[in-house]
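Shown next: target-v8.pdb, containing PDB, C-alpha atoms.
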ATOM      1  CA  MET P   1       0.000   0.000   0.000
ATOM      2  CA  TYR P   2       1.074   3.579  -0.679
ATOM      3  CA  LEU P   3       0.679   7.192   0.429
ATOM      4  CA  ILE P   4       0.623  10.439  -1.507
ATOM      5  CA  GLY P   5       2.667  13.351  -0.188
ATOM      6  CA  ILE P   6       2.071  16.898  -1.462
ATOM      7  CA  ASP P   7       4.570  19.681  -0.772
ATOM      8  CA  LEU P   8       2.451  22.744  -1.521
ATOM      9  CA  GLY P   9       4.376  25.891  -2.331
ATOM     10  CA  GLY P  10       3.603  29.262  -3.827
ATOM     11  CA  THR P  11       5.623  28.471  -6.953
ATOM     12  CA  GLU P  12       5.563  24.685  -7.266
ATOM     13  CA  ILE P  13       3.483  21.706  -6.193
ATOM     14  CA  LYS P  14       5.772  18.757  -5.517
ATOM     15  CA  THR P  15       3.861  15.498  -5.228
ATOM     16  CA  GLY P  16       5.113  11.978  -4.671
ATOM     17  CA  LEU P  17       3.894   8.401  -4.451
ATOM     18  CA  VAL P  18       5.437   7.056  -1.259
ATOM     19  CA  SER P  19       6.001   3.567   0.080
ATOM     20  CA  LYS P  20       6.313   3.304   3.856
ATOM     21  CA  ALA P  21       9.184   0.872   3.421
ATOM     22  CA  LYS P  22      10.957   2.199   0.314
ATOM     23  CA  GLY P  23      10.284   5.940   0.374
ATOM     24  CA  ILE P  24       9.446   7.865  -2.791
ATOM     25  CA  ILE P  25       8.488   5.660  -5.741
ATOM     26  CA  ASN P  26       7.481   8.371  -8.185
ATOM     27  CA  LYS P  27       7.303  12.162  -8.023
ATOM     28  CA  VAL P  28       6.342  15.174 -10.095
ATOM     29  CA  SER P  29       6.688  18.936  -9.827
ATOM     30  CA  ILE P  30       4.195  21.224 -11.540
ATOM     31  CA  PRO P  31       3.578  25.001 -11.333
ATOM     32  CA  THR P  32       1.144  26.122  -8.641
ATOM     33  CA  GLU P  33      -0.189  28.969 -10.832
ATOM     34  CA  THR P  34      -1.481  31.033  -7.923
ATOM     35  CA  ASN P  35      -2.069  33.981 -10.262
ATOM     36  CA  LYS P  36      -4.918  32.018 -11.872
ATOM     37  CA  GLY P  37      -6.906  31.703  -8.668
ATOM     38  CA  ILE P  38      -7.979  29.059  -6.203
ATOM     39  CA  GLU P  39      -9.768  26.791  -8.696
ATOM     40  CA  LYS P  40      -6.642  26.489 -10.847
ATOM     41  CA  VAL P  41      -4.436  25.737  -7.838
ATOM     42  CA  VAL P  42      -6.818  22.983  -6.721
ATOM     43  CA  GLU P  43      -6.976  21.635 -10.275
ATOM     44  CA  ASN P  44      -3.168  21.431 -10.333
ATOM     45  CA  ILE P  45      -3.072  19.641  -6.976
ATOM     46  CA  LEU P  46      -5.566  17.038  -8.199
ATOM     47  CA  LYS P  47      -3.666  16.691 -11.480
ATOM     48  CA  SER P  48      -0.390  16.056  -9.638
ATOM     49  CA  ILE P  49      -2.040  13.285  -7.602
ATOM     50  CA  GLU P  50      -3.349  11.602 -10.746
ATOM     51  CA  ILE P  51       0.092  11.752 -12.374
ATOM     52  CA  VAL P  52       2.046  10.132  -9.541
ATOM     53  CA  ALA P  53      -0.665   7.641  -8.553
ATOM     54  CA  GLY P  54      -1.227   6.253 -12.040
ATOM     55  CA  ASP P  55      -2.525   2.687 -11.856
ATOM     56  CA  ASN P  56      -1.870   2.583  -8.092
ATOM     57  CA  ILE P  57      -4.766   4.894  -7.160
ATOM     58  CA  ASN P  58      -6.680   2.024  -5.496
ATOM     59  CA  LYS P  59      -3.631   1.111  -3.382
ATOM     60  CA  ILE P  60      -3.321   4.503  -1.681
ATOM     61  CA  GLU P  61      -4.146   4.616   2.032
ATOM     62  CA  GLY P  62      -3.921   8.349   2.615
ATOM     63  CA  ILE P  63      -2.994  11.692   1.111
ATOM     64  CA  GLY P  64      -1.015  14.234   3.095
ATOM     65  CA  ILE P  65      -0.543  17.909   2.253
ATOM     66  CA  GLY P  66       2.151  20.101   3.762
ATOM     67  CA  SER P  67       1.076  23.733   3.423
ATOM     68  CA  PRO P  68       2.650  26.938   4.687
ATOM     69  CA  GLY P  69       0.490  29.057   6.938
ATOM     70  CA  SER P  70      -2.147  28.628   9.609
ATOM     71  CA  ILE P  71      -3.817  25.215   9.529
ATOM     72  CA  ASP P  72      -6.870  23.731  11.247
ATOM     73  CA  ARG P  73      -5.647  20.159  10.955
ATOM     74  CA  ASP P  74      -8.697  18.627  12.647
ATOM     75  CA  ALA P  75     -11.094  20.204  10.152
ATOM     76  CA  GLY P  76      -8.708  19.944   7.188
ATOM     77  CA  ILE P  77      -8.850  23.683   6.606
ATOM     78  CA  VAL P  78      -6.125  26.050   5.438
ATOM     79  CA  ARG P  79      -7.006  29.152   7.451
ATOM     80  CA  TYR P  80      -4.445  31.399   5.780
ATOM     81  CA  SER P  81      -1.376  30.703   3.721
ATOM     82  CA  PRO P  82       1.099  33.286   2.433
ATOM     83  CA  ASN P  83       1.573  33.187  -1.349
ATOM     84  CA  LEU P  84      -1.431  30.866  -1.775
ATOM     85  CA  PRO P  85      -5.057  31.894  -2.489
ATOM     86  CA  PHE P  86      -6.506  29.933   0.432
ATOM     87  CA  HIS P  87      -8.556  31.573   3.178
ATOM     88  CA  ASN P  88     -10.573  29.234   5.435
ATOM     89  CA  PHE P  89     -10.549  26.709   2.619
ATOM     90  CA  ASN P  90     -11.280  23.024   3.255
ATOM     91  CA  LEU P  91      -8.589  21.539   1.050
ATOM     92  CA  THR P  92      -8.854  17.994   2.398
ATOM     93  CA  LYS P  93     -12.568  17.737   1.593
ATOM     94  CA  VAL P  94     -11.975  18.529  -2.075
ATOM     95  CA  ILE P  95      -9.229  15.919  -2.317
ATOM     96  CA  SER P  96     -10.966  13.171  -0.351
ATOM     97  CA  ASP P  97     -14.257  13.731  -2.210
ATOM     98  CA  THR P  98     -12.449  13.479  -5.545
ATOM     99  CA  PHE P  99     -10.425  10.337  -4.859
ATOM    100  CA  LYS P 100     -12.431   8.720  -2.023
ATOM    101  CA  ILE P 101      -9.201   8.529  -0.011
ATOM    102  CA  PRO P 102      -8.621  10.074   3.466
ATOM    103  CA  ALA P 103      -6.716  13.356   3.174
ATOM    104  CA  PHE P 104      -4.879  15.362   5.842
ATOM    105  CA  VAL P 105      -3.314  18.820   5.845
ATOM    106  CA  GLU P 106      -0.510  19.977   8.126
ATOM    107  CA  ASN P 107       1.630  23.059   8.474
ATOM    108  CA  ASP P 108       4.732  22.526   6.334
ATOM    109  CA  ALA P 109       7.190  22.947   9.220
ATOM    110  CA  ASN P 110       5.311  20.367  11.288
ATOM    111  CA  ALA P 111       5.168  18.104   8.242
ATOM    112  CA  PHE P 112       8.968  18.400   7.947
ATOM    113  CA  THR P 113       9.205  17.351  11.591
ATOM    114  CA  LEU P 114       7.005  14.316  11.021
ATOM    115  CA  GLY P 115       9.022  13.432   7.921
ATOM    116  CA  GLU P 116      12.209  13.344   9.973
ATOM    117  CA  TRP P 117      10.423  11.134  12.497
ATOM    118  CA  TYR P 118       9.077   8.579  10.033
ATOM    119  CA  PHE P 119      11.758   8.643   7.325
ATOM    120  CA  GLY P 120      14.769  10.687   8.467
ATOM    121  CA  SER P 121      17.351  11.235  11.177
ATOM    122  CA  ALA P 122      14.902  11.040  14.087
ATOM    123  CA  GLN P 123      13.376   7.616  13.398
ATOM    124  CA  GLY P 124      12.512   5.821  16.617
ATOM    125  CA  LEU P 125      12.923   8.861  18.877
ATOM    126  CA  LYS P 126      10.239  10.098  21.283
ATOM    127  CA  HIS P 127      11.735  13.530  21.976
ATOM    128  CA  PHE P 128      13.268  15.755  19.320
ATOM    129  CA  VAL P 129      13.219  19.198  17.747
ATOM    130  CA  ALA P 130      13.327  19.796  13.991
ATOM    131  CA  LEU P 131      14.473  23.120  12.585
ATOM    132  CA  THR P 132      14.194  24.111   8.936
ATOM    133  CA  LEU P 133      16.420  26.939   7.699
ATOM    134  CA  GLY P 134      15.196  28.519   4.485
ATOM    135  CA  THR P 135      13.899  31.932   3.437
ATOM    136  CA  GLY P 136      12.372  31.898   6.909
ATOM    137  CA  ILE P 137      12.921  29.579   9.863
ATOM    138  CA  GLY P 138      10.356  27.049  11.001
ATOM    139  CA  GLY P 139      10.276  23.820  12.891
ATOM    140  CA  GLY P 140       8.397  21.464  15.113
ATOM    141  CA  VAL P 141       8.643  19.472  18.306
ATOM    142  CA  ILE P 142       7.940  15.835  19.114
ATOM    143  CA  SER P 143       7.618  15.193  22.854
ATOM    144  CA  HIS P 144       6.691  11.837  24.411
ATOM    145  CA  GLY P 145       5.869  10.629  20.902
ATOM    146  CA  PHE P 146       3.389  13.415  20.107
ATOM    147  CA  LEU P 147       3.599  16.465  17.856
ATOM    148  CA  ILE P 148       3.274  19.581  20.018
ATOM    149  CA  THR P 149       0.869  22.100  18.482
ATOM    150  CA  GLY P 150      -0.597  23.929  21.491
ATOM    151  CA  LYS P 151      -4.126  24.983  22.434
ATOM    152  CA  ASP P 152      -4.946  26.645  19.108
ATOM    153  CA  GLY P 153      -2.797  24.369  16.981
ATOM    154  CA  ILE P 154      -0.282  27.103  16.192
ATOM    155  CA  GLY P 155       2.383  26.419  18.807
ATOM    156  CA  ALA P 156       6.083  25.639  18.422
ATOM    157  CA  GLU P 157       6.875  28.710  16.296
ATOM    158  CA  LEU P 158      10.568  28.008  16.683
ATOM    159  CA  GLY P 159      11.607  30.669  14.185
ATOM    160  CA  HIS P 160      10.237  33.385  16.427
ATOM    161  CA  VAL P 161      12.182  32.678  19.584
ATOM    162  CA  ILE P 162      13.756  36.052  20.395
ATOM    163  CA  ILE P 163      17.541  35.955  20.571
ATOM    164  CA  ASP P 164      18.259  39.690  20.654
ATOM    165  CA  PRO P 165      15.455  42.048  21.814
ATOM    166  CA  ASP P 166      17.320  44.977  20.248
ATOM    167  CA  GLY P 167      18.026  43.055  17.045
ATOM    168  CA  PRO P 168      16.650  43.481  13.524
ATOM    169  CA  LEU P 169      12.929  43.781  12.865
ATOM    170  CA  CYS P 170      11.303  40.469  11.979
ATOM    171  CA  GLY P 171       8.435  39.951   9.536
ATOM    172  CA  CYS P 172       6.271  38.931  12.506
ATOM    173  CA  GLY P 173       6.592  42.427  14.009
ATOM    174  CA  SER P 174       8.987  41.575  16.840
ATOM    175  CA  ARG P 175      12.706  42.285  16.978
ATOM    176  CA  GLY P 176      15.585  39.869  17.178
ATOM    177  CA  CYS P 177      13.768  36.624  16.342
ATOM    178  CA  ILE P 178      16.089  33.866  15.198
ATOM    179  CA  GLU P 179      14.418  34.117  11.777
ATOM    180  CA  ALA P 180      15.366  37.798  11.547
ATOM    181  CA  ILE P 181      19.000  36.930  12.240
ATOM    182  CA  ALA P 182      19.837  33.517  10.790
ATOM    183  CA  SER P 183      17.434  32.655   7.965
ATOM    184  CA  ALA P 184      18.825  32.339   4.441
ATOM    185  CA  LYS P 185      17.332  35.728   3.564
ATOM    186  CA  ASN P 186      18.969  37.413   6.529
ATOM    187  CA  THR P 187      22.257  35.587   6.123
ATOM    188  CA  ALA P 188      22.393  37.262   2.703
ATOM    189  CA  ARG P 189      21.434  40.576   4.300
ATOM    190  CA  TRP P 190      24.344  40.413   6.764
ATOM    191  CA  ALA P 191      26.673  39.578   3.906
ATOM    192  CA  LYS P 192      25.484  42.642   1.985
ATOM    193  CA  GLU P 193      25.856  44.900   5.036
ATOM    194  CA  PHE P 194      29.359  43.637   5.789
ATOM    195  CA  SER P 195      30.300  43.895   2.118
ATOM    196  CA  ILE P 196      29.454  47.604   2.080
ATOM    197  CA  LYS P 197      32.115  48.085   4.758
ATOM    198  CA  ILE P 198      34.548  45.540   3.286
ATOM    199  CA  PRO P 199      33.730  45.501  -0.447
ATOM    200  CA  ASN P 200      36.680  43.493  -1.735
ATOM    201  CA  ASN P 201      35.631  40.031  -0.637
ATOM    202  CA  LYS P 202      34.980  36.624  -2.136
ATOM    203  CA  ILE P 203      31.230  36.734  -1.480
ATOM    204  CA  VAL P 204      30.693  39.665  -3.836
ATOM    205  CA  GLU P 205      33.043  38.104  -6.385
ATOM    206  CA  LEU P 206      31.048  34.851  -6.384
ATOM    207  CA  ALA P 207      27.680  36.609  -6.532
ATOM    208  CA  GLY P 208      28.792  38.963  -9.297
ATOM    209  CA  ASP P 209      27.114  41.937  -7.642
ATOM    210  CA  ILE P 210      26.467  42.917  -4.035
ATOM    211  CA  GLU P 211      22.698  42.979  -4.646
ATOM    212  CA  LYS P 212      22.777  39.418  -5.974
ATOM    213  CA  ILE P 213      24.291  37.889  -2.843
ATOM    214  CA  GLU P 214      22.514  34.772  -1.534
ATOM    215  CA  SER P 215      23.270  32.642   1.514
ATOM    216  CA  LYS P 216      24.923  30.016  -0.696
ATOM    217  CA  HIS P 217      27.575  32.543  -1.757
ATOM    218  CA  VAL P 218      28.510  33.031   1.907
ATOM    219  CA  PHE P 219      29.246  29.345   2.407
ATOM    220  CA  MET P 220      31.003  29.076  -0.958
ATOM    221  CA  ALA P 221      33.278  31.955   0.098
ATOM    222  CA  LEU P 222      33.811  30.354   3.506
ATOM    223  CA  LYS P 223      35.399  27.350   1.803
ATOM    224  CA  GLU P 224      37.953  29.772   0.384
ATOM    225  CA  ASN P 225      38.678  31.204   3.847
ATOM    226  CA  ASP P 226      37.110  34.565   3.092
ATOM    227  CA  PRO P 227      37.178  36.712   6.284
ATOM    228  CA  VAL P 228      33.812  38.390   5.599
ATOM    229  CA  ALA P 229      32.185  34.991   5.108
ATOM    230  CA  ARG P 230      33.669  33.890   8.441
ATOM    231  CA  MET P 231      32.169  36.970  10.117
ATOM    232  CA  VAL P 232      28.718  36.244   8.699
ATOM    233  CA  VAL P 233      28.787  32.537   9.533
ATOM    234  CA  ASP P 234      30.052  33.298  13.028
ATOM    235  CA  LYS P 235      27.118  35.663  13.583
ATOM    236  CA  ILE P 236      24.385  33.336  12.362
ATOM    237  CA  THR P 237      25.768  30.172  13.994
ATOM    238  CA  ASP P 238      26.078  31.989  17.311
ATOM    239  CA  ALA P 239      22.415  32.995  17.051
ATOM    240  CA  LEU P 240      21.381  29.460  16.077
ATOM    241  CA  ALA P 241      23.343  28.022  19.000
ATOM    242  CA  LYS P 242      21.461  30.347  21.362
ATOM    243  CA  ALA P 243      18.115  29.352  19.858
ATOM    244  CA  ILE P 244      18.894  25.640  20.047
ATOM    245  CA  THR P 245      19.990  26.104  23.655
ATOM    246  CA  ASN P 246      16.558  27.561  24.415
ATOM    247  CA  TYR P 247      14.849  24.624  22.712
ATOM    248  CA  ALA P 248      17.012  22.204  24.702
ATOM    249  CA  HIS P 249      16.238  23.896  28.014
ATOM    250  CA  ILE P 250      12.490  23.878  27.289
ATOM    251  CA  PHE P 251      11.952  20.519  25.565
ATOM    252  CA  ASN P 252      14.914  18.374  26.708
ATOM    253  CA  PRO P 253      15.171  16.579  23.321
ATOM    254  CA  GLU P 254      17.247  13.587  22.346
ATOM    255  CA  MET P 255      18.138  15.296  19.072
ATOM    256  CA  VAL P 256      17.861  18.562  17.167
ATOM    257  CA  VAL P 257      17.603  17.999  13.405
ATOM    258  CA  ILE P 258      18.493  20.842  11.039
ATOM    259  CA  GLY P 259      17.079  20.872   7.515
ATOM    260  CA  GLY P 260      16.002  23.340   4.856
ATOM    261  CA  GLY P 261      18.039  24.880   2.063
ATOM    262  CA  MET P 262      20.786  26.215   4.299
ATOM    263  CA  SER P 263      21.492  22.755   5.677
ATOM    264  CA  LYS P 264      23.200  22.032   2.348
ATOM    265  CA  ALA P 265      26.167  23.934   3.799
ATOM    266  CA  GLY P 266      26.782  20.743   5.797
ATOM    267  CA  ARG P 267      29.509  20.739   8.409
ATOM    268  CA  ASP P 268      30.422  24.355   7.673
ATOM    269  CA  LEU P 269      27.103  25.192   9.329
ATOM    270  CA  LEU P 270      26.819  22.266  11.739
ATOM    271  CA  ASN P 271      30.244  22.270  13.400
ATOM    272  CA  PRO P 272      30.222  25.918  14.606
ATOM    273  CA  ILE P 273      26.725  25.424  16.028
ATOM    274  CA  ARG P 274      27.835  22.319  17.900
ATOM    275  CA  GLU P 275      30.859  24.124  19.301
ATOM    276  CA  LYS P 276      28.937  27.207  20.442
ATOM    277  CA  ILE P 277      26.017  25.417  22.072
ATOM    278  CA  ASN P 278      28.159  24.465  25.049
ATOM    279  CA  LEU P 279      28.818  28.155  25.707
ATOM    280  CA  TYR P 280      25.149  28.667  26.558
ATOM    281  CA  LEU P 281      23.837  25.353  27.891
ATOM    282  CA  MET P 282      23.190  24.758  31.572
ATOM    283  CA  PRO P 283      25.726  22.155  32.775
ATOM    284  CA  SER P 284      23.027  19.537  33.384
ATOM    285  CA  PHE P 285      21.987  19.720  29.718
ATOM    286  CA  LYS P 286      25.421  19.212  28.217
ATOM    287  CA  ASN P 287      25.807  15.985  26.225
ATOM    288  CA  THR P 288      22.102  15.170  26.599
ATOM    289  CA  PHE P 289      21.263  15.598  22.887
ATOM    290  CA  LYS P 290      22.771  15.502  19.417
ATOM    291  CA  VAL P 291      22.582  18.131  16.694
ATOM    292  CA  MET P 292      22.287  16.487  13.275
ATOM    293  CA  LEU P 293      21.605  17.442   9.672
ATOM    294  CA  SER P 294      18.475  16.253   7.902
ATOM    295  CA  THR P 295      18.998  13.296   5.575
ATOM    296  CA  LEU P 296      15.865  14.021   3.530
ATOM    297  CA  VAL P 297      17.135  17.153   1.696
ATOM    298  CA  GLU P 298      15.107  17.795  -1.489
ATOM    299  CA  ASP P 299      12.500  15.138  -0.640
ATOM    300  CA  ALA P 300      11.734  16.491   2.839
ATOM    301  CA  GLY P 301       8.482  18.165   1.769
ATOM    302  CA  ILE P 302       6.983  15.128   0.038
ATOM    303  CA  LEU P 303       8.052  12.690   2.741
ATOM    304  CA  GLY P 304       6.910  15.100   5.443
ATOM    305  CA  ALA P 305       3.437  15.379   3.922
ATOM    306  CA  SER P 306       3.235  11.585   3.645
ATOM    307  CA  ALA P 307       4.291  11.276   7.263
ATOM    308  CA  ALA P 308       1.566  13.750   8.261
ATOM    309  CA  ALA P 309      -1.000  11.441   6.659
ATOM    310  CA  MET P 310       0.402   8.500   8.635
ATOM    311  CA  TYR P 311       0.539  10.424  11.910
ATOM    312  CA  HIS P 312      -2.963  11.888  11.745
ATOM    313  CA  SER P 313      -4.563   8.624  10.657
ATOM    314  CA  ARG P 314      -3.022   6.512  13.414
TER     315      ARG P 314
END
Have the structure of the file written as structure tokens, please.
Amino acid sequence: MYLIGIDLGGTEIKTGLVSKAKGIINKVSIPTETNKGIEKVVENILKSIEIVAGDNINKIEGIGIGSPGSIDRDAGIVRYSPNLPFHNFNLTKVISDTFKIPAFVENDANAFTLGEWYFGSAQGLKHFVALTLGTGIGGGVISHGFLITGKDGIGAELGHVIIDPDGPLCGCGSRGCIEAIASAKNTARWAKEFSIKIPNNKIVELAGDIEKIESKHVFMALKENDPVARMVVDKITDALAKAITNYAHIFNPEMVVIGGGMSKAGRDLLNPIREKINLYLMPSFKNTFKVMLSTLVEDAGILGASAAAMYHSR
């Protein structure tokens, strides 16, 4: 038997046919086409399911959707999602009515967490934190074998733990959130700010222009021992170490898993975080958890959505 996992984004819909034992069997990526309205987006979602399911449609146990935004998972409703035309829309009803298969929707960061639990680095654990570093920062928490979502289902906003109350303004309206300091977008921003003061650096050379700097250019320059890149990476890894310390003190996890686009930097990101965590941890928390990179990489969204279907149907 199989599952369908749908990674729903503002630009692309990534959908996969997933085996619990073997992982992704077949996958497709098609444009979301948000500019054409809600009916077109839904049509594209249904089309992607038909493509990956093929002749296996009658062997599918559940369909999971990972969507950004505010989710009422019990009702299957996308309350609000940035870059998508959904407002209090019952997405699961449309899908389940069409295919006569149970469908489940989950916030994409929580879906990533469940994907790590069922398919990734955190398999078999009962206590862990997952952190996804991309344009923004999100994540989720498993405690005692349950996904923590809070009273209103919107808890565990790990990207909005405040690291520096006098820090940069965050998109949420607060200052100094970890997202405002160490997301991919803000890693690039630090690089641009530092490059104005020290213009002759490898980051600008690799990007071609200061305005074209992305987080990947920072880590590429770091490999060439660029001093500005070291300054940027030192700043963001220090902030991430502080955030992870807070998560450890609150949730006492067995593991913290780091994924998202920035995790592709590998040990250049991971090692400084590991080293700095011990500067901030209470002594009793030292050596109580591991910090690991996600093993799911590009397939995290599809596998996470599939895992959400498994979790919510258990």
Note to self: If we count all atoms listed in the file and set the cut-off at 8 Å, which residues sit around Tyr280 of chain P, ignoring sequence neighbours fewer than 4 positions away in its own chain? Please answer as a ChimeraX atom specification.
What the structure shows: /P:241-242,245,276
For Ile57 of chain P, work out the shell of residues within 9 Å, counting only C-alpha atoms and skipping chain neighbours fewer than 6 positions away, then give it as a PDB file with C-alpha atoms, keeping the file's coordinate frame.
ATOM      1  CA  TYR P   2       1.074   3.579  -0.679  1.00  0.00           C
ATOM      2  CA  ILE P  49      -2.040  13.285  -7.602  1.00  0.00           C
ATOM      3  CA  GLU P  50      -3.349  11.602 -10.746  1.00  0.00           C
ATOM      4  CA  PHE P  99     -10.425  10.337  -4.859  1.00  0.00           C
TER       5      PHE P  99
END
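Closest approach to Ala265 of chain P among P:Thr135, P:Ser313, P:Ser294, P:Asn246: P:Ser294, based on all atoms listed in the file.
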Just need the box for segment 24-40 of chain P, edges along x, y and z, holding every atom the file lists for it with 8 Å tacked onto each side, so centre and edge lengths in Å to one decimal, as lines of an AutoDock Vina configuration file.
center_x = -0.2
center_y = 19.8
center_z = -7.3
size_x = 35.2
size_y = 44.3
size_z = 25.1
Checklist line | Selection dump of the PyMOL selection byres ((chain P and resi 172-183) around 10), as a PyMOL selection string | finding: chain P and resi 132-138+158-171+184-190+215+232-233+235-240+242-244+260-262
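Closest to Ala122 of chain P among P:Ile51, P:Ile277, P:Ile258, P:Ile45 is P:Ile258, based on only C-alpha atoms.
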I need the residue set behind the PyMOL selection byres ((chain P and resi 156) around 12) for this file; please write it as a PDB file with C-alpha atoms, keeping the file's coordinate frame.
ATOM      1  CA  ASN P 107       1.630  23.059   8.474  1.00  0.00           C
ATOM      2  CA  ALA P 109       7.190  22.947   9.220  1.00  0.00           C
ATOM      3  CA  ASN P 110       5.311  20.367  11.288  1.00  0.00           C
ATOM      4  CA  THR P 113       9.205  17.351  11.591  1.00  0.00           C
ATOM      5  CA  VAL P 129      13.219  19.198  17.747  1.00  0.00           C
ATOM      6  CA  ALA P 130      13.327  19.796  13.991  1.00  0.00           C
ATOM      7  CA  LEU P 131      14.473  23.120  12.585  1.00  0.00           C
ATOM      8  CA  ILE P 137      12.921  29.579   9.863  1.00  0.00           C
ATOM      9  CA  GLY P 138      10.356  27.049  11.001  1.00  0.00           C
ATOM     10  CA  GLY P 139      10.276  23.820  12.891  1.00  0.00           C
ATOM     11  CA  GLY P 140       8.397  21.464  15.113  1.00  0.00           C
ATOM     12  CA  VAL P 141       8.643  19.472  18.306  1.00  0.00           C
ATOM     13  CA  ILE P 142       7.940  15.835  19.114  1.00  0.00           C
ATOM     14  CA  SER P 143       7.618  15.193  22.854  1.00  0.00           C
ATOM     15  CA  LEU P 147       3.599  16.465  17.856  1.00  0.00           C
ATOM     16  CA  ILE P 148       3.274  19.581  20.018  1.00  0.00           C
ATOM     17  CA  THR P 149       0.869  22.100  18.482  1.00  0.00           C
ATOM     18  CA  GLY P 150      -0.597  23.929  21.491  1.00  0.00           C
ATOM     19  CA  LYS P 151      -4.126  24.983  22.434  1.00  0.00           C
ATOM     20  CA  ASP P 152      -4.946  26.645  19.108  1.00  0.00           C
ATOM     21  CA  GLY P 153      -2.797  24.369  16.981  1.00  0.00           C
ATOM     22  CA  ILE P 154      -0.282  27.103  16.192  1.00  0.00           C
ATOM     23  CA  GLY P 155       2.383  26.419  18.807  1.00  0.00           C
ATOM     24  CA  GLU P 157       6.875  28.710  16.296  1.00  0.00           C
ATOM     25  CA  LEU P 158      10.568  28.008  16.683  1.00  0.00           C
ATOM     26  CA  GLY P 159      11.607  30.669  14.185  1.00  0.00           C
ATOM     27  CA  HIS P 160      10.237  33.385  16.427  1.00  0.00           C
ATOM     28  CA  VAL P 161      12.182  32.678  19.584  1.00  0.00           C
ATOM     29  CA  TYR P 247      14.849  24.624  22.712  1.00  0.00           C
ATOM     30  CA  ILE P 250      12.490  23.878  27.289  1.00  0.00           C
ATOM     31  CA  PHE P 251      11.952  20.519  25.565  1.00  0.00           C
TER      32      PHE P 251
END
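The residue that comes closest to Val257 of chain P, out of P:Glu12, P:Glu116, P:Glu43, P:Asp234 and on the basis of only C-alpha atoms, is P:Glu116.
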Note to self: the PyMOL selection byres ((chain P and resi 123) around 12) - which residues does that actually catch in the file I just gave you? List them as a ChimeraX atom specification.
What the structure shows: /P:113-122,124-128,142,145,254-255,257,294-295,307
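The environment of segment 69-83 of chain P within 8 Å, counting only C-alpha atoms and disregarding residues fewer than 6 places along the same chain, consists of Gly9, Gly10, Thr34, Phe89, Asn90, Leu91, Thr92, Lys93, Ala103, Phe104, Val105, Glu106, Asn107, Asp108, Gly153 and Ile154 of chain P.
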Using the selection just defined, write its residues with C-alpha atoms as a CSV table (one decimal), in the coordinates of the input.
chain,number,residue,atom,x,y,z
P,9,GLY,CA,4.4,25.9,-2.3
P,10,GLY,CA,3.6,29.3,-3.8
P,34,THR,CA,-1.5,31.0,-7.9
P,89,PHE,CA,-10.5,26.7,2.6
P,90,ASN,CA,-11.3,23.0,3.3
P,91,LEU,CA,-8.6,21.5,1.0
P,92,THR,CA,-8.9,18.0,2.4
P,93,LYS,CA,-12.6,17.7,1.6
P,103,ALA,CA,-6.7,13.4,3.2
P,104,PHE,CA,-4.9,15.4,5.8
P,105,VAL,CA,-3.3,18.8,5.8
P,106,GLU,CA,-0.5,20.0,8.1
P,107,ASN,CA,1.6,23.1,8.5
P,108,ASP,CA,4.7,22.5,6.3
P,153,GLY,CA,-2.8,24.4,17.0
P,154,ILE,CA,-0.3,27.1,16.2
Next item on the list: Compile the contact shell of Lys212 of chain P as a PyMOL selection string: residues with an atom at most 10 Å away, counting all atoms listed in the file, same-chain residues fewer than 4 positions apart removed.
Entry: chain P and resi 188+192+203-204+206-208+217
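When all atoms listed in the file are used to measure the gap to Phe285 of chain P, the shortest distance among P:Gly62, P:Gly301, P:Pro227, P:Pro253 belongs to P:Pro253.
From atom CA of Ala309 of chain P back to atom CA of Phe146 of chain P, the distance works out to 14.3 Å.
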Note to self: Please compute the atom CA of Ile65 of chain P-atom CA of Ile6 of chain P distance, one decimal, in Å.
What the structure shows: 4.7 Å
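Nearest residue to Gly5 of chain P among P:Ser48, P:Asn271, P:Asn35, P:Ser263 is P:Ser48, counting only C-alpha atoms.
The smallest atom-to-atom distance between Tyr311 of chain P and any of P:Ala221, P:Phe86, P:Val52, P:Leu3, using only C-alpha atoms, is found for P:Leu3.
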Show which residues sit within 10 Å of Ile13 of chain P, as a CSV table (one decimal) with C-alpha atoms, keeping the file's coordinate frame. Count only C-alpha atoms, and ignore same-chain residues fewer than 4 positions away.
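Just written: around.csv:
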chain,number,residue,atom,x,y,z
P,6,ILE,CA,2.1,16.9,-1.5
P,7,ASP,CA,4.6,19.7,-0.8
P,8,LEU,CA,2.5,22.7,-1.5
P,9,GLY,CA,4.4,25.9,-2.3
P,28,VAL,CA,6.3,15.2,-10.1
P,29,SER,CA,6.7,18.9,-9.8
P,30,ILE,CA,4.2,21.2,-11.5
P,31,PRO,CA,3.6,25.0,-11.3
P,32,THR,CA,1.1,26.1,-8.6
P,33,GLU,CA,-0.2,29.0,-10.8
P,41,VAL,CA,-4.4,25.7,-7.8
P,44,ASN,CA,-3.2,21.4,-10.3
P,45,ILE,CA,-3.1,19.6,-7.0
P,48,SER,CA,-0.4,16.1,-9.6
P,302,ILE,CA,7.0,15.1,0.0
